[in-house]
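One structure is given here, and the rest of the page talks about it.
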Amino acid sequence: MKTVKPSKRNGAYKRLFACMKPYRFKLILAIIVVFISTFAYAAAPLLMGNATNALSELLMGKEGDGSFLKFLLMMGCAYALNAILSYIGTSLIVSVSESTIYDLRKKVDYKLSKLPLNYYDTNSYGDILSRVTNDVDTVSNSLQQSIYQILNAIFTIVIIFIVMLNISGVLTLVGLVVVPFALYAAAKIAKKSQQKFNAQQGGTGELNGLVEEYYSGHNVVTVFGREESVIKSFEETNEDLYESSKDGQFLAGTLTPIMQNMTNLGYTLVSIIGALMAIFAGLSVGMIQSFTLYLRQFSQPLTQVMQIANTIQATGSAAARIFEFLDEKEEVPDIENPQFPEKLKGEVDFDHIRFGYLPHQTLITDLDITIGAGEKTAIVGPTGAGKTTLVNLIMRFYDVRKGAIRIDGVDIRDMKRSRLREIFGMVLQDTWLYNGTIRENIRYGKLDATDEEVEEAAKKARADAFIRTLPGGYDFVLHEGASNIAQGQRQLLTIARAMLNNPPIMILDEATSSVDTRTEVMIQEAMNEMMKGRTSFIIAHRLSTIKDANNILYMQDGDILEVGNHEELMAKDGLYAKLYNSQFSDNK
């Protein structure tokens with residue numbers, strides 16, 4: 001289970017408070033308000049002690065000037081002022097906290113758009129989701145609850161300690177002699193509980209990853225009868241999370257009784273010594289009363305800090321995970337003066353490119369080929385040959401290590417990514433549709449398209465017929481993942497979306513793999529019409545669908561081993577011919 005190192009957690013606290021810098025004036029005002037509020041609250045016991053002394057004098061028959069009522073009134077005003085300023089201080093701190101979290105969420109959202117595809121390929125979606133939701137929420141709740149309590153605790157301890165010293169240095173020494181022992185025990189417990197809370201945060205991300213993985217693959221798990229294995233894996237991870245959470249909460253929960261018992265011992269000692277000082281040293285009963293109240297007030301913030309220690313620890317772990325995410329290496333930024341082809345024709349030149357996903361791995365060693373403008377190029381080969389990798393490089397989801405990819409003579413690294421990707425239209429094997437109407441999903445390819453353009457694209461993709469059979473037609477609402485229509489229908493909608501975009505270069509990754517043979521023929525006809533005059537790259541496993549391609553690239557182990565059209569490669573009787581004949585034989 002992944003945990004956060006103490007050094008990272010400590011650095012996270014500094015960075016978290018640095019995020020509050022834009023709101024420092026409001027935070028300073030909150031600190032001042034909390035200080036005055038705490039001072040008013042700390043003054044009340046002293047006023048009560050004076051009132052008690054004044055009452056004693058009245059009861060003993062001594063003349064008074066209304067001091068008793070005056071002190072009572074002042075005590076009431078002190079408590080009222082504390083209540084009002086506590087409300088104002090809390091409001092200010094909540095405002096600072098929410099503004100800080102708002103900014104933090106914006107940074108996280110911005111970061112999601114700047115991370116390279118490799119980050120998503122090498123990290124589970126569940127853990128990423130946990131960082132940007134659970135961890136941010138943990139920090140948000142902690143800031144709101146903890147800042148006021150910590151400020152109030154610090155001011156209370158300092159002010160009350162000074163007042164206690166002024167009342168009696170001896171009683172202060174007696175009352176606080178047990179505090180170092182209590183703090184030492186609390187620190188030891190907090191250190192152990194901190195480790196458990198680190199494990200809890202990491203375990204939450206791991207569990208979310210498992211849930212996301214198994215939920216998305218539920219059908220496969222069911223088909224292969226692996227439910228028991230999935231449940232066992234979930235239970236093991238859940239058990240680890242349970243143990244770390246239980247141990248952390250238990251250890252943190254012991255802090256309060258330890259502090260209370262230690263302070264109760266000090267309270268008892270003060271009562272005994274205070275009584276002796278009242279008898280032999282002339283210390284007034286009112287001051288002893290005030291001192292005992294102050295001792296209670298002094299222990300309360302210590303107990304309070306111990307109580308929120310678990311929250312502070314969880315906050316450090318969550319913040320460290322967030323900043324670790326924000327520190328991830330981003331895509332190489334666009335150059336300052338980007339270029340773009342003066343006239344976009346669609347010629348793509350792979351100039352001796354070399355590439356691998358990992359530093360120690362080389363997938364493509366030396367790819368050197370030029371695809372003419374308007375040509376239809378099919379990429380075929382066994383699984384893992386590098387077909388999809390080639391497409392990812394064209395779209396600049398990854399950058400090549402060596403060589404260059406040029407479109408109409410311009411290196412794609414010299415273009416803005418957003419402008420480069422506008423050139424392409426993509427239809428992938430894995431369909432992606434969101435919760436919305438069919439019309440909205442098709443229009444995703446061109447947001448300013450009219451209803452007529454949307455329907456025309458659907459007709460070209462042979463999707464119009466089935467759309468009109470649905471309740472509401474084009475206004476039929478798709479569920480999440482478009483689970484309320486068939487897989488083949490989903491594919492038709494993604495094809496319609498690409499057709500609507502009408503891009504200069506098309507990329508089709510097994511675009512017809514999920515439709516029946518009859519529909520496939522219709523889609524192929526529509527695609528052939530759409531690709532006329534456009535450069536297109538087709539990744540295909542069914543070789544019968546790409547026989548009319550201008551170029552067929554046979555890839556294996558990241559390199560192009562054969563190039564030609566269908567007739568040329570079949571006449572060569574090489575790797576492509578063997579692959580084609582094996583499929584033909586399989587289909588007999």
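FYI, nothing fancy with the structure tokens labels: chains A, B, ... in order, residues from 1 per chain, ligands from 1 as they appear.
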Name all residues at most 9 Å from segment 123-135 of chain A (count only C-alpha atoms; drop same-chain ones fewer than 3 positions away) and give them as a compact mmCIF listing (two decimals) with N, CA, C and O atoms, in the first residue's frame.
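Saved file out05.txt follows:
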```
# COMPACT_ATOMS: atom_id res chain seq x y z
N ARG A 105 -8.58 23.43 -6.82
CA ARG A 105 -9.34 22.62 -7.78
C ARG A 105 -9.09 23.09 -9.22
O ARG A 105 -9.02 22.28 -10.14
N VAL A 108 -5.79 21.68 -10.26
CA VAL A 108 -5.91 20.25 -10.55
C VAL A 108 -6.57 20.04 -11.92
O VAL A 108 -6.12 19.22 -12.73
N ASP A 109 -7.63 20.80 -12.19
CA ASP A 109 -8.31 20.67 -13.48
C ASP A 109 -7.40 21.06 -14.63
O ASP A 109 -7.36 20.39 -15.67
N ASN A 118 1.00 9.44 -21.44
CA ASN A 118 1.75 8.41 -20.74
C ASN A 118 1.37 8.34 -19.26
O ASN A 118 1.38 7.27 -18.66
N TYR A 119 1.02 9.48 -18.66
CA TYR A 119 0.63 9.48 -17.25
C TYR A 119 -0.64 8.66 -17.04
O TYR A 119 -0.75 7.89 -16.08
N TYR A 120 -1.60 8.84 -17.94
CA TYR A 120 -2.86 8.09 -17.82
C TYR A 120 -2.66 6.62 -18.15
O TYR A 120 -3.41 5.76 -17.66
N THR A 138 -10.76 16.15 1.44
CA THR A 138 -10.14 16.01 2.77
C THR A 138 -9.46 17.30 3.19
O THR A 138 -9.62 17.77 4.33
N VAL A 139 -8.71 17.90 2.28
CA VAL A 139 -8.02 19.17 2.58
C VAL A 139 -9.04 20.27 2.83
O VAL A 139 -8.90 21.09 3.74
N SER A 140 -10.11 20.30 2.03
CA SER A 140 -11.15 21.32 2.17
C SER A 140 -11.79 21.27 3.55
O SER A 140 -11.90 22.28 4.25
N GLN A 201 -4.86 7.00 3.31
CA GLN A 201 -5.04 7.78 2.08
C GLN A 201 -4.61 6.99 0.85
O GLN A 201 -5.30 6.96 -0.16
N GLY A 202 -3.45 6.31 0.95
CA GLY A 202 -3.00 5.50 -0.17
C GLY A 202 -3.94 4.34 -0.43
O GLY A 202 -4.22 3.99 -1.59
N THR A 204 -7.13 4.20 0.14
CA THR A 204 -8.37 4.69 -0.47
C THR A 204 -8.21 4.81 -1.98
O THR A 204 -9.09 4.41 -2.75
N GLY A 205 -7.07 5.36 -2.43
CA GLY A 205 -6.81 5.45 -3.87
C GLY A 205 -6.71 4.09 -4.52
O GLY A 205 -7.24 3.85 -5.62
N GLU A 206 -6.05 3.13 -3.83
CA GLU A 206 -5.91 1.78 -4.38
C GLU A 206 -7.27 1.09 -4.48
O GLU A 206 -7.56 0.42 -5.47
N LEU A 207 -8.10 1.27 -3.48
CA LEU A 207 -9.43 0.65 -3.49
C LEU A 207 -10.30 1.25 -4.59
O LEU A 207 -11.02 0.53 -5.29
N ASN A 208 -10.22 2.56 -4.78
CA ASN A 208 -10.96 3.20 -5.86
C ASN A 208 -10.52 2.67 -7.22
O ASN A 208 -11.34 2.48 -8.12
N GLY A 209 -9.21 2.44 -7.36
CA GLY A 209 -8.70 1.89 -8.61
C GLY A 209 -9.25 0.50 -8.88
O GLY A 209 -9.62 0.17 -10.02
N LEU A 210 -9.32 -0.32 -7.85
CA LEU A 210 -9.87 -1.68 -8.01
C LEU A 210 -11.34 -1.62 -8.40
O LEU A 210 -11.79 -2.34 -9.30
N VAL A 211 -12.10 -0.78 -7.74
CA VAL A 211 -13.53 -0.67 -8.03
C VAL A 211 -13.75 -0.23 -9.47
O VAL A 211 -14.57 -0.79 -10.20
N GLU A 212 -12.99 0.80 -9.89
CA GLU A 212 -13.13 1.29 -11.27
C GLU A 212 -12.76 0.22 -12.28
O GLU A 212 -13.44 0.01 -13.28
N GLU A 213 -11.69 -0.50 -12.01
CA GLU A 213 -11.20 -1.53 -12.92
C GLU A 213 -12.20 -2.68 -13.05
O GLU A 213 -12.54 -3.11 -14.16
N THR A 315 -4.79 15.48 6.53
CA THR A 315 -4.66 16.62 5.62
C THR A 315 -3.28 16.65 4.98
O THR A 315 -3.14 16.89 3.78
N SER A 317 -1.23 14.16 4.48
CA SER A 317 -1.12 13.06 3.51
C SER A 317 -1.88 13.37 2.23
O SER A 317 -1.38 13.15 1.12
N ALA A 318 -3.11 13.89 2.39
CA ALA A 318 -3.92 14.22 1.21
C ALA A 318 -3.28 15.34 0.41
O ALA A 318 -3.22 15.28 -0.84
N ALA A 319 -2.78 16.38 1.10
CA ALA A 319 -2.14 17.50 0.39
C ALA A 319 -0.89 17.04 -0.33
O ALA A 319 -0.61 17.49 -1.46
N ARG A 321 -0.33 14.11 -1.62
CA ARG A 321 -0.76 13.39 -2.83
C ARG A 321 -1.23 14.36 -3.92
O ARG A 321 -0.98 14.15 -5.10
N ILE A 322 -1.89 15.44 -3.50
CA ILE A 322 -2.34 16.44 -4.48
C ILE A 322 -1.15 17.13 -5.12
O ILE A 322 -1.06 17.27 -6.35
N PHE A 325 0.70 15.05 -7.49
CA PHE A 325 0.00 15.05 -8.77
C PHE A 325 0.29 16.33 -9.56
O PHE A 325 0.58 16.29 -10.76
```
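Take the candidates A:Ala54, A:Ile258, A:Leu500, A:Ala461 and check each one against Glu525 of chain A using only C-alpha atoms; the shortest distance goes to A:Ala461.
Once segment 160-162 of chain A and its same-chain neighbours fewer than 3 positions away are set aside, Thr38, Phe39, Tyr41, Ala42, Ala43, Phe155, Thr156, Ile157, Leu165, Asn166, Ile167, Gly169, Thr172, Leu176, Phe291, Tyr294, Leu295, Gln297 and Phe298 of chain A remain within 10 Å of it when counting only C-alpha atoms.
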Pull C-alpha atoms from the residues just selected and write them as a compact mmCIF listing (two decimals), in the first residue's frame.
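The resulting selection.txt:
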```
# COMPACT_ATOMS: atom_id res chain seq x y z
CA THR A 38 -9.82 34.68 22.68
CA PHE A 39 -8.67 37.58 24.87
CA TYR A 41 -12.95 34.75 26.58
CA ALA A 42 -9.79 34.57 28.72
CA ALA A 43 -10.79 37.72 30.64
CA PHE A 155 -3.90 32.28 21.59
CA THR A 156 -5.72 30.65 24.50
CA ILE A 157 -2.60 28.86 25.71
CA LEU A 165 1.66 33.48 36.09
CA ASN A 166 0.31 36.84 37.27
CA ILE A 167 -2.09 35.14 39.67
CA GLY A 169 3.70 31.35 39.81
CA THR A 172 1.19 27.63 37.60
CA LEU A 176 1.40 22.52 34.47
CA PHE A 291 -6.99 29.99 38.54
CA TYR A 294 -7.94 29.02 33.78
CA LEU A 295 -6.36 25.64 34.33
CA GLN A 297 -9.28 26.52 29.89
CA PHE A 298 -5.57 25.83 29.47
```
| task | Determine which residues of segment 212-368 of chain A DSSP labels as helix (DSSP H, G or I) from the backbone of this structure, then write them out as a count of residues only. | result | 105
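Compared by their closest atoms to Arg396 of chain A, and using only C-alpha atoms, the residues A:Ala78, A:Gly316, A:Arg226, A:Leu117 rank with A:Leu117 nearest.
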| Nearby residues (only C-alpha atoms) at most 10 Å from Ile442 of chain A, same-chain spacing under 5 positions excluded, as a list in words |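 Answer for this query is Leu433, Thr437, Leu447, Ala449, Glu453, Val454, Glu455, Ala457, Ala458, Tyr474, Leu493, Thr494, Ile495, Ala496, Arg497, Ala498, Met499, Leu500 and Asn501 of chain A.
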